[in-house]
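Notes for the one structure printed next.
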Amino acid sequence: MYTVRSESRNKSMAVHIQNPHENRKVEDIAQEMVGKRTFIGWPFLQEGLVTAVSDSLFKYEKLVLVPGTLAKVVSNPHSHQSLSHWKGKAERIETLYSKRCGVITGARLKRLESGALVKDYEGPEKELEQAVQMVISEVASEDPRFIEKDAPPLSEEFPDGTNIFFLGEHAYGVAAQVSSTTDSALSVVLAFFLSDNTENNKFKIIVDSRISQHYLPSFKAASTIGMSPRALSKITSSFMVPSDHQKNNLGLSIKFEAKGLKVIDYSRKAGRYWEFSEKAVDLIREYKIWLALRTSLTFTLMLGSRK
């Protein structure tokens, strides 16, 4: 056994787990377990959902063969490559329990539109293989954080006077307060001003106009302006320059990489890369001229002071 990443030099006590499924058909085990919850990762138990049971030759899953009928357990043979993968995974599981203990993530809760909390298991890409004798179907004390709950009454979930955000079609996103509740609906008072509607319309016009704006990837914008992509990245964000024992920001501040913020009509981020509008390109051209004049003036003043 391993202790602190090295083999124990003294005698160690090992716990031998008896397999309660010994001599059972794998198909019967799959019929009993697939689609049901289980607890994995002993001795640090966490809940999981059984999606399939496999042995060295077959993978047993529940599939609907005929639409409208109940799912049945179907055995699919492993491919030639999967055979070696299965053996390797089985050996890793055995090594894990014989040499050290590990903690494995399990289920989480999500809230439905009805307000009920149900378990949300991870997707197929997070599927884990477990030794069948190391899983437990029931536990004496469940983790209260992962207990499913029915939707509570609206009066309990949203007592009168609760501050909320309104997500309805009109006045979307404004602050509101619950005034009363019924079994199926809320009455709310919106914190809405007429001036907000005017501001929202102005903002909507700006956002809609962005569709017709032509944006250039940063490297193309840099080539159009006649500067390197690195220089473009510097001047379009915060560009701190030391002067007289202090730092001055000479950047245009039309993008903020760290915060992931953009300036409407000037910049946007497409995946990992920034793009700049034609308006931004024109602004950068003017900035480049201003910066060249400022540098030339500073250089002339420096030469004059040396005389």
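Following the order of the structure tokens, chains are lettered A, B, ..., residues in each are numbered from 1, and ligands are numbered from 1.
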
In region 19-136 of chain A, DSSP strand (DSSP E) residues written as a PDB file with C-alpha atoms, in the first residue's frame:
ATOM      1  CA  ARG A  37     -29.052   5.560  -8.702  1.00  0.00           C
ATOM      2  CA  THR A  38     -26.134   4.092  -6.826  1.00  0.00           C
ATOM      3  CA  PHE A  39     -23.376   5.271  -4.506  1.00  0.00           C
ATOM      4  CA  ILE A  40     -19.798   5.073  -5.726  1.00  0.00           C
ATOM      5  CA  GLN A  46     -21.134  10.008  -3.660  1.00  0.00           C
ATOM      6  CA  GLU A  47     -24.264   9.443  -5.673  1.00  0.00           C
ATOM      7  CA  GLY A  48     -24.220   8.427  -9.301  1.00  0.00           C
ATOM      8  CA  LEU A  49     -26.537   7.026 -11.985  1.00  0.00           C
ATOM      9  CA  VAL A  53     -22.824  -2.621 -16.883  1.00  0.00           C
ATOM     10  CA  SER A  54     -19.952  -4.334 -18.667  1.00  0.00           C
ATOM     11  CA  PHE A  58     -19.911  -7.099 -23.567  1.00  0.00           C
ATOM     12  CA  LYS A  59     -21.451  -3.793 -22.517  1.00  0.00           C
ATOM     13  CA  TYR A  60     -25.047  -4.093 -21.274  1.00  0.00           C
ATOM     14  CA  GLU A  61     -27.326  -1.085 -21.750  1.00  0.00           C
ATOM     15  CA  LYS A  62     -31.060  -0.412 -21.682  1.00  0.00           C
ATOM     16  CA  LEU A  63     -32.312   0.628 -25.119  1.00  0.00           C
ATOM     17  CA  LYS A  72     -34.758  -3.646 -22.710  1.00  0.00           C
ATOM     18  CA  VAL A  73     -31.281  -4.687 -21.684  1.00  0.00           C
ATOM     19  CA  VAL A  74     -29.164  -5.152 -24.808  1.00  0.00           C
ATOM     20  CA  SER A  75     -25.649  -6.559 -24.920  1.00  0.00           C
ATOM     21  CA  ASN A  76     -23.180  -4.933 -27.311  1.00  0.00           C
ATOM     22  CA  PRO A  77     -19.802  -6.631 -27.849  1.00  0.00           C
ATOM     23  CA  ARG A 108     -26.021  17.819  -8.377  1.00  0.00           C
ATOM     24  CA  LEU A 109     -29.420  19.452  -8.125  1.00  0.00           C
ATOM     25  CA  LYS A 110     -31.122  21.670 -10.682  1.00  0.00           C
ATOM     26  CA  ARG A 111     -34.309  23.695 -10.338  1.00  0.00           C
ATOM     27  CA  LEU A 117     -35.332  20.406  -7.258  1.00  0.00           C
ATOM     28  CA  VAL A 118     -34.248  17.275  -9.128  1.00  0.00           C
ATOM     29  CA  LYS A 119     -30.942  15.530  -9.519  1.00  0.00           C
ATOM     30  CA  ASP A 120     -28.926  16.490 -12.577  1.00  0.00           C
TER      31      ASP A 120
END

Running DSSP on the backbone, which parts of region 113-205 of chain A land in helix (DSSP H, G or I), as a ChimeraX atom specification? /A:124-126,132-134,144-146,154-157,194-205

Keeping only C-alpha atoms, take the residues you just selected and write them out as an mmCIF file, in the first residue's frame.
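Full text of selection.cif as output:
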data_model
loop_
_atom_site.group_PDB
_atom_site.id
_atom_site.type_symbol
_atom_site.label_atom_id
_atom_site.label_comp_id
_atom_site.auth_asym_id
_atom_site.auth_seq_id
_atom_site.Cartn_x
_atom_site.Cartn_y
_atom_site.Cartn_z
ATOM 1 C CA PRO A 124 -21.937 10.737 -21.029
ATOM 2 C CA GLU A 125 -18.523 12.400 -21.413
ATOM 3 C CA LYS A 126 -18.078 12.115 -17.614
ATOM 4 C CA VAL A 132 -19.592 -3.611 -9.230
ATOM 5 C CA GLN A 133 -18.654 -4.935 -5.777
ATOM 6 C CA MET A 134 -17.594 -1.421 -4.741
ATOM 7 C CA PRO A 144 -29.073 16.542 2.524
ATOM 8 C CA ARG A 145 -27.561 18.741 -0.204
ATOM 9 C CA PHE A 146 -28.660 16.257 -2.885
ATOM 10 C CA LEU A 154 -45.194 30.290 -3.989
ATOM 11 C CA SER A 155 -46.035 32.010 -0.707
ATOM 12 C CA GLU A 156 -43.139 30.145 0.901
ATOM 13 C CA GLU A 157 -40.696 30.634 -1.975
ATOM 14 C CA LEU A 194 -40.873 56.429 -17.905
ATOM 15 C CA SER A 195 -37.360 57.710 -18.555
ATOM 16 C CA ASP A 196 -36.124 54.103 -18.496
ATOM 17 C CA ASN A 197 -38.240 53.314 -21.548
ATOM 18 C CA THR A 198 -36.582 56.133 -23.500
ATOM 19 C CA GLU A 199 -33.115 54.976 -22.485
ATOM 20 C CA ASN A 200 -33.952 51.372 -23.377
ATOM 21 C CA ASN A 201 -35.138 52.439 -26.832
ATOM 22 C CA LYS A 202 -31.889 54.334 -27.420
ATOM 23 C CA PHE A 203 -29.900 51.327 -26.305
ATOM 24 C CA LYS A 204 -31.978 49.048 -28.538
ATOM 25 C CA ILE A 205 -31.247 51.253 -31.570
#

Skip region 167-184 of chain A itself and residues of its chain fewer than 4 positions away, then list as a VMD selection string all residues within 9 Å of it, counting only C-alpha atoms. chain A and resid 153 to 155 158 to 163 188 to 192 196 to 197

Taking all heavy atoms for each residue, export the selection above as a compact mmCIF listing (two decimals), in the first residue's frame.
# COMPACT_ATOMS: atom_id res chain seq x y z
N PRO A 153 -44.68 25.91 -2.03
CA PRO A 153 -45.73 26.89 -2.35
C PRO A 153 -45.11 28.24 -2.68
O PRO A 153 -44.07 28.61 -2.13
CB PRO A 153 -46.56 26.95 -1.06
CG PRO A 153 -46.25 25.70 -0.32
CD PRO A 153 -44.84 25.35 -0.67
N LEU A 154 -45.72 28.98 -3.60
CA LEU A 154 -45.19 30.29 -3.99
C LEU A 154 -45.10 31.23 -2.79
O LEU A 154 -44.17 32.03 -2.70
CB LEU A 154 -46.07 30.90 -5.08
CG LEU A 154 -45.92 30.31 -6.48
CD1 LEU A 154 -46.91 30.95 -7.44
CD2 LEU A 154 -44.50 30.49 -7.00
N SER A 155 -46.05 31.13 -1.88
CA SER A 155 -46.04 32.01 -0.71
C SER A 155 -44.83 31.74 0.19
O SER A 155 -44.35 32.62 0.89
CB SER A 155 -47.32 31.83 0.11
OG SER A 155 -47.48 30.48 0.50
N PHE A 158 -41.65 32.85 -2.30
CA PHE A 158 -41.61 34.31 -2.51
C PHE A 158 -42.57 35.00 -1.53
O PHE A 158 -43.70 35.36 -1.91
CB PHE A 158 -41.99 34.66 -3.95
CG PHE A 158 -41.09 34.08 -4.99
CD1 PHE A 158 -41.46 32.94 -5.69
CD2 PHE A 158 -39.87 34.67 -5.27
CE1 PHE A 158 -40.63 32.39 -6.65
CE2 PHE A 158 -39.03 34.13 -6.24
CZ PHE A 158 -39.41 33.00 -6.92
N PRO A 159 -42.16 35.14 -0.27
CA PRO A 159 -43.03 35.83 0.69
C PRO A 159 -43.31 37.27 0.26
O PRO A 159 -42.53 37.86 -0.50
CB PRO A 159 -42.21 35.79 1.99
CG PRO A 159 -41.19 34.73 1.79
CD PRO A 159 -40.89 34.71 0.32
N ASP A 160 -44.41 37.83 0.73
CA ASP A 160 -44.73 39.22 0.41
C ASP A 160 -43.59 40.13 0.84
O ASP A 160 -43.03 39.98 1.93
CB ASP A 160 -46.02 39.64 1.13
CG ASP A 160 -47.24 38.90 0.58
OD1 ASP A 160 -47.07 38.17 -0.39
OD2 ASP A 160 -48.34 39.07 1.15
N GLY A 161 -43.23 41.07 -0.05
CA GLY A 161 -42.15 42.00 0.25
C GLY A 161 -40.80 41.55 -0.25
O GLY A 161 -39.81 42.28 -0.13
N THR A 162 -40.71 40.33 -0.88
CA THR A 162 -39.44 39.85 -1.41
C THR A 162 -39.00 40.68 -2.62
O THR A 162 -39.79 40.96 -3.52
CB THR A 162 -39.56 38.37 -1.85
OG1 THR A 162 -39.97 37.59 -0.73
CG2 THR A 162 -38.22 37.85 -2.37
N ASN A 163 -37.75 41.10 -2.63
CA ASN A 163 -37.20 41.86 -3.77
C ASN A 163 -36.74 40.88 -4.84
O ASN A 163 -36.00 39.93 -4.55
CB ASN A 163 -36.04 42.74 -3.31
CG ASN A 163 -36.48 43.84 -2.36
OD1 ASN A 163 -37.56 44.40 -2.52
ND2 ASN A 163 -35.66 44.14 -1.37
N VAL A 188 -46.67 41.50 -8.55
CA VAL A 188 -45.46 42.24 -8.24
C VAL A 188 -45.64 43.72 -8.56
O VAL A 188 -46.48 44.10 -9.38
CB VAL A 188 -44.24 41.69 -9.04
CG1 VAL A 188 -43.99 40.23 -8.70
CG2 VAL A 188 -44.45 41.85 -10.54
N VAL A 189 -44.85 44.54 -7.89
CA VAL A 189 -44.80 45.97 -8.15
C VAL A 189 -43.46 46.26 -8.78
O VAL A 189 -42.40 45.95 -8.21
CB VAL A 189 -44.97 46.78 -6.84
CG1 VAL A 189 -44.87 48.27 -7.13
CG2 VAL A 189 -46.31 46.45 -6.19
N LEU A 190 -43.47 46.85 -10.00
CA LEU A 190 -42.24 47.11 -10.73
C LEU A 190 -41.67 48.47 -10.36
O LEU A 190 -42.40 49.45 -10.22
CB LEU A 190 -42.50 47.08 -12.23
CG LEU A 190 -43.08 45.78 -12.81
CD1 LEU A 190 -43.27 45.92 -14.32
CD2 LEU A 190 -42.18 44.60 -12.51
N ALA A 191 -40.35 48.52 -10.20
CA ALA A 191 -39.66 49.80 -9.98
C ALA A 191 -39.28 50.34 -11.35
O ALA A 191 -38.14 50.21 -11.81
CB ALA A 191 -38.42 49.59 -9.11
N PHE A 192 -40.25 50.94 -12.03
CA PHE A 192 -40.08 51.33 -13.42
C PHE A 192 -40.40 52.81 -13.60
O PHE A 192 -41.40 53.32 -13.08
CB PHE A 192 -41.01 50.49 -14.30
CG PHE A 192 -40.87 50.75 -15.77
CD1 PHE A 192 -39.76 50.33 -16.46
CD2 PHE A 192 -41.87 51.43 -16.46
CE1 PHE A 192 -39.63 50.56 -17.82
CE2 PHE A 192 -41.75 51.67 -17.81
CZ PHE A 192 -40.62 51.23 -18.49
N ASP A 196 -36.82 55.36 -18.18
CA ASP A 196 -36.12 54.10 -18.50
C ASP A 196 -36.50 53.60 -19.87
O ASP A 196 -35.67 53.04 -20.60
CB ASP A 196 -36.47 53.04 -17.45
CG ASP A 196 -35.89 53.35 -16.08
OD1 ASP A 196 -35.00 54.21 -16.03
OD2 ASP A 196 -36.34 52.75 -15.10
N ASN A 197 -37.78 53.79 -20.25
CA ASN A 197 -38.24 53.31 -21.55
C ASN A 197 -37.51 54.03 -22.68
O ASN A 197 -37.12 53.43 -23.68
CB ASN A 197 -39.75 53.53 -21.66
CG ASN A 197 -40.35 52.76 -22.83
OD1 ASN A 197 -39.85 51.71 -23.21
ND2 ASN A 197 -41.42 53.29 -23.40

Work out how far CA of Ser267 (chain A) is from CA of Leu293 (chain A), in Å to one decimal.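 So the two atoms, CA of Leu293 (chain A) and CA of Ser267 (chain A), lie 25.6 Å apart.
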
Just how far from CA of Trp42 (chain A) is CA of Leu57 (chain A), in Å to one decimal?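 Spanning CA of Leu57 (chain A) to CA of Trp42 (chain A) is a straight-line distance of 25.7 Å.
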
Which residues are near region 247-254 of chain A? Cut-off 7 Å, only C-alpha atoms, ignore same chain within fewer than 4 positions. Put them as a PyMOL selection string. chain A and resi 235-243+262-263+266-267

Prev. selection, N, CA and C atoms, output as a PDB file, in the first residue's frame:
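Okay, this is what ended up in again_18.pdb:
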ATOM      1  N   ILE A 235      -2.798  49.416 -27.641  1.00  0.00           N
ATOM      2  CA  ILE A 235      -3.410  50.744 -27.662  1.00  0.00           C
ATOM      3  C   ILE A 235      -4.937  50.688 -27.570  1.00  0.00           C
ATOM      4  N   THR A 236      -5.551  49.540 -27.898  1.00  0.00           N
ATOM      5  CA  THR A 236      -7.004  49.450 -27.789  1.00  0.00           C
ATOM      6  C   THR A 236      -7.465  49.110 -26.383  1.00  0.00           C
ATOM      7  N   SER A 237      -6.531  48.764 -25.515  1.00  0.00           N
ATOM      8  CA  SER A 237      -6.867  48.528 -24.113  1.00  0.00           C
ATOM      9  C   SER A 237      -6.243  49.633 -23.276  1.00  0.00           C
ATOM     10  N   SER A 238      -5.936  49.374 -22.038  1.00  0.00           N
ATOM     11  CA  SER A 238      -5.263  50.362 -21.196  1.00  0.00           C
ATOM     12  C   SER A 238      -3.768  50.323 -21.485  1.00  0.00           C
ATOM     13  N   PHE A 239      -3.200  51.475 -21.841  1.00  0.00           N
ATOM     14  CA  PHE A 239      -1.788  51.573 -22.219  1.00  0.00           C
ATOM     15  C   PHE A 239      -1.134  52.587 -21.283  1.00  0.00           C
ATOM     16  N   MET A 240      -0.546  52.071 -20.204  1.00  0.00           N
ATOM     17  CA  MET A 240       0.008  52.922 -19.159  1.00  0.00           C
ATOM     18  C   MET A 240       1.435  53.345 -19.515  1.00  0.00           C
ATOM     19  N   VAL A 241       1.674  54.662 -19.490  1.00  0.00           N
ATOM     20  CA  VAL A 241       2.988  55.225 -19.809  1.00  0.00           C
ATOM     21  C   VAL A 241       3.472  56.064 -18.630  1.00  0.00           C
ATOM     22  N   PRO A 242       4.672  55.771 -18.089  1.00  0.00           N
ATOM     23  CA  PRO A 242       5.172  56.574 -16.966  1.00  0.00           C
ATOM     24  C   PRO A 242       5.571  57.976 -17.403  1.00  0.00           C
ATOM     25  N   SER A 243       5.225  58.970 -16.587  1.00  0.00           N
ATOM     26  CA  SER A 243       5.568  60.363 -16.887  1.00  0.00           C
ATOM     27  C   SER A 243       5.503  61.170 -15.600  1.00  0.00           C
ATOM     28  N   LYS A 262     -16.523  44.773 -23.714  1.00  0.00           N
ATOM     29  CA  LYS A 262     -16.355  45.394 -25.023  1.00  0.00           C
ATOM     30  C   LYS A 262     -17.040  46.747 -25.021  1.00  0.00           C
ATOM     31  N   VAL A 263     -16.823  47.522 -26.078  1.00  0.00           N
ATOM     32  CA  VAL A 263     -17.495  48.809 -26.274  1.00  0.00           C
ATOM     33  C   VAL A 263     -18.372  48.674 -27.508  1.00  0.00           C
ATOM     34  N   TYR A 266     -17.733  49.445 -31.382  1.00  0.00           N
ATOM     35  CA  TYR A 266     -16.292  49.546 -31.601  1.00  0.00           C
ATOM     36  C   TYR A 266     -15.594  48.185 -31.551  1.00  0.00           C
ATOM     37  N   SER A 267     -15.963  47.349 -30.622  1.00  0.00           N
ATOM     38  CA  SER A 267     -15.250  46.079 -30.482  1.00  0.00           C
ATOM     39  C   SER A 267     -16.208  44.982 -30.062  1.00  0.00           C
TER      40      SER A 267
END

With distances taken over only C-alpha atoms, which of A:His78, A:Lys255, A:Lys220, A:Arg92 is nearest to Arg268 (chain A)?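 Under the stated criterion, the closest residue is A:Lys255.
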
Test item: residues at most 7 Å from region 280-287 of chain A, only C-alpha atoms, excluding those fewer than 3 positions along its chain, as a count of residues only: 7

One decimal, Å: what's the distance from CA of Leu112 (chain A) over to CA of Lys149 (chain A), could you say? 10.7 Å

Using only C-alpha atoms, the best pick from A:Asp208, A:Gln130, A:Ala151, A:Leu216 as closest to Gly115 (chain A) would be A:Ala151
